[in-house]
Amino acid sequence: MVLLTVIALLLGIVYGLSGIDISIIGFITEHTHYILYLLMFLVGISIGLNHGIMEKIREYHIKIFIIPIGIIIGSLLGGIVCSFISGISMNTSTAIASGLGWYSLSGVMVSEFAGAQLGSITFLSNLMREIFSFFSIPLIAKHLNFPTCIAPAGATSEDTTLPMLIKYTNEETVVLSVINGMICSAAVPILINLCYQIF
Amino acid sequence: MDILIIMGIGIFVGSKFFPDRHKKKNEKMQIVCTVLIIFSMGVMLGGRENFIQELSTLGLTSFLYFLIPTVLSTIVVYLLTRIFMKKKQKEKED
């Protein structure tokens, strides 16, 4: 699965760089959100087939916030550490780290606050986070535990990295990852704004 | 929000109507969708203006900003799940 993912990503990049325009590929790339919807529907079916899963999720109660809170705390700490290493101001540094993997939105937001160069760093670092998730999820699932697999994925755990979570964890973790992705996605614009103003 | 609604419909279909014998086909379709989504992401990146140039000039700083927050997130989540979700994890692994 990881190999397939890497091949798909590389082929996509090569195609994008080539400037070639094949209509069917253009159609697919312009309608990715429908593919994501289909994927979510199919994932829903998998969850539905696993009877009793929703009862398990309900048992978590407030603990369902543990993962997104952990991701946000860890990312902000990382932003603070990076500030000392890179010399970039604390507010910008924590704003960059607040992207939580959502490279498109965070890149644009930081560009507006701090200029194109820092926006590009935000874009690339969050993109790297997403790509790294594809590789780290199988390893974390094997050596740590299933919920921790959601951590590197951050805000992307409800969409692009979800297939890897489906493949390497279980239905219960998949539901947690969708909820986490929603919470983190909602938090990203708020965090970037707050970090930029508070620190 | 729409993602959650669609997944909810899928859960309903899966629990009420979807036959167990098509479970493997469903999983294969998920892989196809995944590959298409990731391929599309690559196309979007490759088509981004100055992508290679950005990667070469700002790569090291970007790497730092990817690595440290990601590793710290993983450590914090691992510790929190060990403390607060330990029982559930044990039950699940059993």
# chains A, B, ... in the order shown; residues from 1 in each chain; ligands from 1
$ closest_atom_pairs --of "chain A" --to "chain B" --cutoff "6 Å" --atoms "only C-alpha atoms" --output "CSV"
residue,atom,partner,partner_atom,distance
A:Ala8,CA,B:Phe39,CA,4.7
A:Leu9,CA,B:Gly42,CA,4.7
A:Gly12,CA,B:Gly42,CA,4.0
A:Ile13,CA,B:Gly46,CA,4.2
A:Tyr15,CA,B:Val43,CA,6.0
A:Gly16,CA,B:Gly46,CA,4.0
A:Leu17,CA,B:Gly46,CA,4.6
A:Thr29,CA,B:Ser40,CA,4.9
A:Leu39,CA,B:Gln30,CA,5.7
A:Met40,CA,B:Met7,CA,5.1
A:Phe41,CA,B:Gly10,CA,4.5
A:Gly44,CA,B:Gly10,CA,4.0
A:Ile45,CA,B:Gly14,CA,3.9
A:Ile47,CA,B:Ile11,CA,5.8
A:Gly48,CA,B:Ile11,CA,4.1
A:Leu49,CA,B:Gly14,CA,5.0
A:Ile67,CA,B:Val77,CA,5.8
A:Gly70,CA,B:Val77,CA,4.7
A:Ile71,CA,B:Ser73,CA,4.6
A:Gly74,CA,B:Ser73,CA,3.8
A:Ser75,CA,B:Pro69,CA,4.2
A:Gly78,CA,B:Pro69,CA,3.9
A:Ile121,CA,B:Ser62,CA,4.9
A:Leu124,CA,B:Ser62,CA,5.7
A:Ser125,CA,B:Ser62,CA,4.4
A:Arg129,CA,B:Phe66,CA,5.5
A:Thr148,CA,B:Tyr78,CA,5.3
A:Ala151,CA,B:Thr74,CA,5.0
A:Pro152,CA,B:Thr70,CA,5.4
A:Pro163,CA,B:Thr34,CA,6.0
$ write_last_selection --atoms "N, CA and C atoms" --output "mmCIF file, in the first residue's frame"
data_model
loop_
_atom_site.group_PDB
_atom_site.id
_atom_site.type_symbol
_atom_site.label_atom_id
_atom_site.label_comp_id
_atom_site.auth_asym_id
_atom_site.auth_seq_id
_atom_site.Cartn_x
_atom_site.Cartn_y
_atom_site.Cartn_z
ATOM 1 N N ALA A 8 1.857 6.504 -6.871
ATOM 2 C CA ALA A 8 0.752 7.386 -7.296
ATOM 3 C C ALA A 8 1.139 8.857 -7.123
ATOM 4 N N LEU A 9 1.767 9.161 -5.985
ATOM 5 C CA LEU A 9 2.165 10.551 -5.711
ATOM 6 C C LEU A 9 3.217 11.022 -6.720
ATOM 7 N N GLY A 12 1.825 11.461 -10.165
ATOM 8 C CA GLY A 12 1.034 12.690 -10.181
ATOM 9 C C GLY A 12 1.918 13.919 -10.312
ATOM 10 N N ILE A 13 3.010 13.953 -9.528
ATOM 11 C CA ILE A 13 3.925 15.105 -9.581
ATOM 12 C C ILE A 13 4.545 15.223 -10.979
ATOM 13 N N TYR A 15 3.386 14.098 -13.779
ATOM 14 C CA TYR A 15 2.339 14.540 -14.716
ATOM 15 C C TYR A 15 2.098 16.046 -14.576
ATOM 16 N N GLY A 16 2.013 16.504 -13.339
ATOM 17 C CA GLY A 16 1.777 17.929 -13.095
ATOM 18 C C GLY A 16 2.906 18.791 -13.625
ATOM 19 N N LEU A 17 4.150 18.319 -13.444
ATOM 20 C CA LEU A 17 5.312 19.079 -13.917
ATOM 21 C C LEU A 17 5.399 19.089 -15.439
ATOM 22 N N THR A 29 -8.747 14.929 -11.555
ATOM 23 C CA THR A 29 -8.117 15.847 -10.589
ATOM 24 C C THR A 29 -9.040 17.018 -10.217
ATOM 25 N N LEU A 39 -15.090 7.532 -1.262
ATOM 26 C CA LEU A 39 -14.245 6.818 -0.299
ATOM 27 C C LEU A 39 -14.885 6.834 1.092
ATOM 28 N N MET A 40 -15.390 7.989 1.480
ATOM 29 C CA MET A 40 -15.999 8.103 2.804
ATOM 30 C C MET A 40 -17.253 7.226 2.918
ATOM 31 N N PHE A 41 -17.987 7.160 1.822
ATOM 32 C CA PHE A 41 -19.176 6.297 1.798
ATOM 33 C C PHE A 41 -18.762 4.832 1.979
ATOM 34 N N GLY A 44 -17.630 4.217 5.399
ATOM 35 C CA GLY A 44 -18.838 4.112 6.229
ATOM 36 C C GLY A 44 -19.415 2.710 6.177
ATOM 37 N N ILE A 45 -19.446 2.133 4.978
ATOM 38 C CA ILE A 45 -19.955 0.759 4.831
ATOM 39 C C ILE A 45 -19.106 -0.210 5.662
ATOM 40 N N ILE A 47 -17.395 0.434 8.282
ATOM 41 C CA ILE A 47 -17.701 0.644 9.709
ATOM 42 C C ILE A 47 -19.049 0.014 10.056
ATOM 43 N N GLY A 48 -20.022 0.219 9.158
ATOM 44 C CA GLY A 48 -21.363 -0.328 9.381
ATOM 45 C C GLY A 48 -21.363 -1.845 9.445
ATOM 46 N N LEU A 49 -20.479 -2.455 8.667
ATOM 47 C CA LEU A 49 -20.394 -3.920 8.666
ATOM 48 C C LEU A 49 -19.844 -4.449 9.995
ATOM 49 N N ILE A 67 -6.881 13.057 21.506
ATOM 50 C CA ILE A 67 -5.975 13.026 20.349
ATOM 51 C C ILE A 67 -5.795 14.424 19.729
ATOM 52 N N GLY A 70 -3.730 16.585 22.045
ATOM 53 C CA GLY A 70 -2.334 16.148 22.021
ATOM 54 C C GLY A 70 -1.615 16.638 20.768
ATOM 55 N N ILE A 71 -2.293 16.546 19.640
ATOM 56 C CA ILE A 71 -1.701 16.989 18.365
ATOM 57 C C ILE A 71 -1.417 18.492 18.414
ATOM 58 N N GLY A 74 1.470 19.267 20.963
ATOM 59 C CA GLY A 74 2.751 18.829 20.395
ATOM 60 C C GLY A 74 3.215 19.730 19.273
ATOM 61 N N SER A 75 2.279 20.131 18.414
ATOM 62 C CA SER A 75 2.646 20.980 17.274
ATOM 63 C C SER A 75 3.092 22.358 17.750
ATOM 64 N N GLY A 78 6.427 22.157 19.196
ATOM 65 C CA GLY A 78 7.364 22.046 18.072
ATOM 66 C C GLY A 78 7.645 23.397 17.447
ATOM 67 N N ILE A 121 7.349 28.130 3.290
ATOM 68 C CA ILE A 121 7.861 27.203 4.317
ATOM 69 C C ILE A 121 6.685 26.482 4.976
ATOM 70 N N LEU A 124 5.327 23.880 2.478
ATOM 71 C CA LEU A 124 6.196 22.705 2.321
ATOM 72 C C LEU A 124 6.252 21.859 3.595
ATOM 73 N N SER A 125 6.366 22.520 4.751
ATOM 74 C CA SER A 125 6.488 21.742 5.995
ATOM 75 C C SER A 125 5.218 20.940 6.256
ATOM 76 N N ARG A 129 4.635 16.898 6.246
ATOM 77 C CA ARG A 129 3.938 16.210 7.343
ATOM 78 C C ARG A 129 2.936 15.206 6.785
ATOM 79 N N THR A 148 -2.270 6.610 18.184
ATOM 80 C CA THR A 148 -1.107 7.472 17.934
ATOM 81 C C THR A 148 -0.838 7.632 16.436
ATOM 82 N N ALA A 151 -1.692 10.993 15.045
ATOM 83 C CA ALA A 151 -0.917 12.194 15.404
ATOM 84 C C ALA A 151 -0.168 12.841 14.233
ATOM 85 N N PRO A 152 0.653 12.094 13.481
ATOM 86 C CA PRO A 152 1.348 12.778 12.377
ATOM 87 C C PRO A 152 0.385 13.296 11.320
ATOM 88 N N PRO A 163 -7.072 6.890 4.168
ATOM 89 C CA PRO A 163 -6.916 5.540 3.601
ATOM 90 C C PRO A 163 -5.816 4.716 4.263
#
$ select_by_dssp --residues "stretch 12-174 of chain A" --states "helix (DSSP H, G or I)" --output "ChimeraX atom specification"
/A:12-18,23-30,32-49,53-58,61-86,90-97,103-114,116-143,147-158,162-168,171-174
